[in-house]
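Chemist: I have a structure I would like to understand better, so I am pasting it below and will then ask my questions one at a time.
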Amino acid sequence: MTETKIRTRPAAVTLTANAEARVAALMAAAPDGAIGVKLSTPRRGCSGLAYSVDYITDEVKFDEKIETPGGVLYIDGGSVLYLIGSVMDWVEDDFAAGFVFENPNAKGACGCGESFTV
């Protein structure tokens, strides 16, 4: 009889230490009932798709779940294919703060970096 080996698959998105710390800060300030934050790619912006991070209160079938030290990051099931292999970072400077994505699937982006095409 052959033994079945179960391997964990790598997460679709890798979070940097700064992104993990930001997820932890978001969850520490989360509204009642929030179980995590969810990354999705809604259609908007001049290039077609944008990145969106929002609180969620319920798990949705087919969403990817990534456990981080400070909380759970969910990835919208319909967005996973656009995000596979991406690195999510949190960047702050004197003028702005926000999540920044290094996405190998993006074929182009708008000038302001708010949206991308695949």
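Ordering of the structure tokens sets the chain letters (A, B, ...), residue numbers begin anew at 1 in every chain, and ligands are numbered from 1 in the order given.
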Neighbours of stretch 60-64 of chain A within 9 Å (only C-alpha atoms; same-chain residues fewer than 5 positions away dropped), as a PDB file with C-alpha atoms, in the first residue's frame?
Modeler:
```
ATOM      1  CA  ALA A  11       0.227  30.940  -0.178  1.00  0.00           C
ATOM      2  CA  ALA A  12      -0.811  32.848  -3.294  1.00  0.00           C
ATOM      3  CA  LYS A  38      -9.655  40.564   2.732  1.00  0.00           C
ATOM      4  CA  LEU A  73      -5.611  37.752   5.512  1.00  0.00           C
ATOM      5  CA  TYR A  74      -8.219  36.389   3.118  1.00  0.00           C
ATOM      6  CA  ILE A  75      -7.837  36.607  -0.644  1.00  0.00           C
ATOM      7  CA  ASP A  76     -10.985  36.811  -2.713  1.00  0.00           C
ATOM      8  CA  GLY A  77     -11.431  33.541  -4.616  1.00  0.00           C
ATOM      9  CA  GLY A  78     -12.037  35.408  -7.866  1.00  0.00           C
ATOM     10  CA  SER A  79      -8.852  37.445  -7.418  1.00  0.00           C
ATOM     11  CA  VAL A  80      -6.384  34.658  -6.586  1.00  0.00           C
TER      12      VAL A  80
END
```
Chemist: Hey, what's within 7 Å of A:Val23 if we count only C-alpha atoms and toss same-chain stuff fewer than 3 positions away? As a VMD selection string, please?
Modeler: chain A and resid 19 to 20 26 to 27 70 to 71
Chemist: Would you pick out the contacts of stretch 91-98 of chain A at 12 Å or less, using only C-alpha atoms, so that residues sharing its chain but fewer than 4 positions from it are not included, and give the list as a ChimeraX atom specification?
Modeler: /A:16-23,51-53,113-114
Chemist: Just N, CA, C and O atoms for this one: save the residues we selected as a PDB file, in the first residue's frame.
Modeler:
```pdb
ATOM      1  N   THR A  16       5.300  40.761   3.519  1.00  0.00           N
ATOM      2  CA  THR A  16       6.540  41.172   4.169  1.00  0.00           C
ATOM      3  C   THR A  16       6.265  41.351   5.660  1.00  0.00           C
ATOM      4  O   THR A  16       5.098  41.366   6.095  1.00  0.00           O
ATOM      5  N   ALA A  17       7.323  41.525   6.433  1.00  0.00           N
ATOM      6  CA  ALA A  17       7.159  41.775   7.871  1.00  0.00           C
ATOM      7  C   ALA A  17       6.341  43.049   8.106  1.00  0.00           C
ATOM      8  O   ALA A  17       5.506  43.096   9.022  1.00  0.00           O
ATOM      9  N   ASN A  18       6.552  44.082   7.290  1.00  0.00           N
ATOM     10  CA  ASN A  18       5.776  45.324   7.432  1.00  0.00           C
ATOM     11  C   ASN A  18       4.299  45.093   7.151  1.00  0.00           C
ATOM     12  O   ASN A  18       3.432  45.648   7.824  1.00  0.00           O
ATOM     13  N   ALA A  19       3.984  44.282   6.133  1.00  0.00           N
ATOM     14  CA  ALA A  19       2.585  43.992   5.820  1.00  0.00           C
ATOM     15  C   ALA A  19       1.947  43.178   6.942  1.00  0.00           C
ATOM     16  O   ALA A  19       0.806  43.431   7.327  1.00  0.00           O
ATOM     17  N   GLU A  20       2.680  42.212   7.487  1.00  0.00           N
ATOM     18  CA  GLU A  20       2.154  41.429   8.612  1.00  0.00           C
ATOM     19  C   GLU A  20       1.878  42.326   9.811  1.00  0.00           C
ATOM     20  O   GLU A  20       0.856  42.186  10.486  1.00  0.00           O
ATOM     21  N   ALA A  21       2.787  43.266  10.080  1.00  0.00           N
ATOM     22  CA  ALA A  21       2.594  44.193  11.202  1.00  0.00           C
ATOM     23  C   ALA A  21       1.373  45.079  10.960  1.00  0.00           C
ATOM     24  O   ALA A  21       0.623  45.372  11.895  1.00  0.00           O
ATOM     25  N   ARG A  22       1.144  45.485   9.717  1.00  0.00           N
ATOM     26  CA  ARG A  22      -0.025  46.320   9.413  1.00  0.00           C
ATOM     27  C   ARG A  22      -1.312  45.522   9.563  1.00  0.00           C
ATOM     28  O   ARG A  22      -2.312  46.049  10.059  1.00  0.00           O
ATOM     29  N   VAL A  23      -1.325  44.262   9.146  1.00  0.00           N
ATOM     30  CA  VAL A  23      -2.503  43.412   9.352  1.00  0.00           C
ATOM     31  C   VAL A  23      -2.786  43.295  10.846  1.00  0.00           C
ATOM     32  O   VAL A  23      -3.937  43.393  11.284  1.00  0.00           O
ATOM     33  N   TYR A  51      -6.329  47.130  -6.279  1.00  0.00           N
ATOM     34  CA  TYR A  51      -6.181  46.353  -5.045  1.00  0.00           C
ATOM     35  C   TYR A  51      -7.084  46.973  -3.992  1.00  0.00           C
ATOM     36  O   TYR A  51      -7.126  48.194  -3.848  1.00  0.00           O
ATOM     37  N   SER A  52      -7.793  46.126  -3.244  1.00  0.00           N
ATOM     38  CA  SER A  52      -8.666  46.609  -2.182  1.00  0.00           C
ATOM     39  C   SER A  52      -8.489  45.726  -0.956  1.00  0.00           C
ATOM     40  O   SER A  52      -8.476  44.493  -1.070  1.00  0.00           O
ATOM     41  N   VAL A  53      -8.343  46.332   0.207  1.00  0.00           N
ATOM     42  CA  VAL A  53      -8.226  45.598   1.473  1.00  0.00           C
ATOM     43  C   VAL A  53      -9.320  46.111   2.390  1.00  0.00           C
ATOM     44  O   VAL A  53      -9.405  47.306   2.662  1.00  0.00           O
ATOM     45  N   GLY A 113      -0.273  54.261 -10.166  1.00  0.00           N
ATOM     46  CA  GLY A 113      -0.052  52.994  -9.491  1.00  0.00           C
ATOM     47  C   GLY A 113      -1.268  52.453  -8.769  1.00  0.00           C
ATOM     48  O   GLY A 113      -1.174  51.471  -8.038  1.00  0.00           O
ATOM     49  N   GLU A 114      -2.431  53.055  -8.964  1.00  0.00           N
ATOM     50  CA  GLU A 114      -3.642  52.615  -8.270  1.00  0.00           C
ATOM     51  C   GLU A 114      -4.309  51.406  -8.929  1.00  0.00           C
ATOM     52  O   GLU A 114      -5.093  50.727  -8.301  1.00  0.00           O
TER      53      GLU A 114
END
```
Chemist: Find the residue from A:Ile56, A:Ile66, A:Thr2, A:Tyr82 that sits nearest to A:Arg43; use only C-alpha atoms when measuring.
Modeler: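 Closest residue, counting only C-alpha atoms: A:Tyr82.
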Chemist: Write out as a ChimeraX atom specification all residues of chain A that DSSP puts in strand (DSSP E) for this structure's backbone.
Modeler: /A:13-15,36-40,49-50,52-56,64-68,71-75,86-92,97-102,108-109,115-117
Chemist: List as a PDB file with C-alpha atoms, in the first residue's frame the protein and nucleic acid residues near A:Met88, meaning an atom at most 7 Å away when only C-alpha atoms are counted, but skip any in the same chain fewer than 3 places from it.
Modeler:
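The result, stored in selection-v1.pdb:
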```pdb
ATOM      1  CA  VAL A  13       0.565  36.068  -1.780  1.00  0.00           C
ATOM      2  CA  THR A  14       3.624  36.536   0.420  1.00  0.00           C
ATOM      3  CA  LEU A  15       3.469  39.240   3.080  1.00  0.00           C
ATOM      4  CA  THR A  16       6.540  41.172   4.169  1.00  0.00           C
ATOM      5  CA  ALA A  19       2.585  43.992   5.820  1.00  0.00           C
ATOM      6  CA  PHE A  99      -0.067  48.541   0.854  1.00  0.00           C
ATOM      7  CA  VAL A 100       2.222  48.132  -2.145  1.00  0.00           C
ATOM      8  CA  PHE A 101       2.157  45.058  -4.378  1.00  0.00           C
ATOM      9  CA  GLU A 102       4.908  43.458  -6.428  1.00  0.00           C
TER      10      GLU A 102
END
```
Chemist: Which residue, A:Ala24, A:Ala34, A:Val72, A:Leu81, has the smallest gap to A:Asp58 when you use only C-alpha atoms?
Modeler: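 So, comparing all the options, the nearest one is A:Ala34.
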Chemist: Just how far from atom CA of A:Leu83 is atom CA of A:Thr4, in Å to one decimal?
Modeler: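 Value for the atom CA of A:Thr4-atom CA of A:Leu83 distance: 29.6 Å.
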Chemist: Among chain A, which residues does DSSP mark as alpha helix (DSSP H) when it is run on the backbone? Keep the chain and numbering as in the structure and answer as a PyMOL selection string.
Modeler: chain A and resi 17-28+80-83
Chemist: Mind giving me the straight-line distance from atom CA of A:Pro104 to atom CA of A:Gly85 in Å, one decimal?
Modeler: 6.5 Å
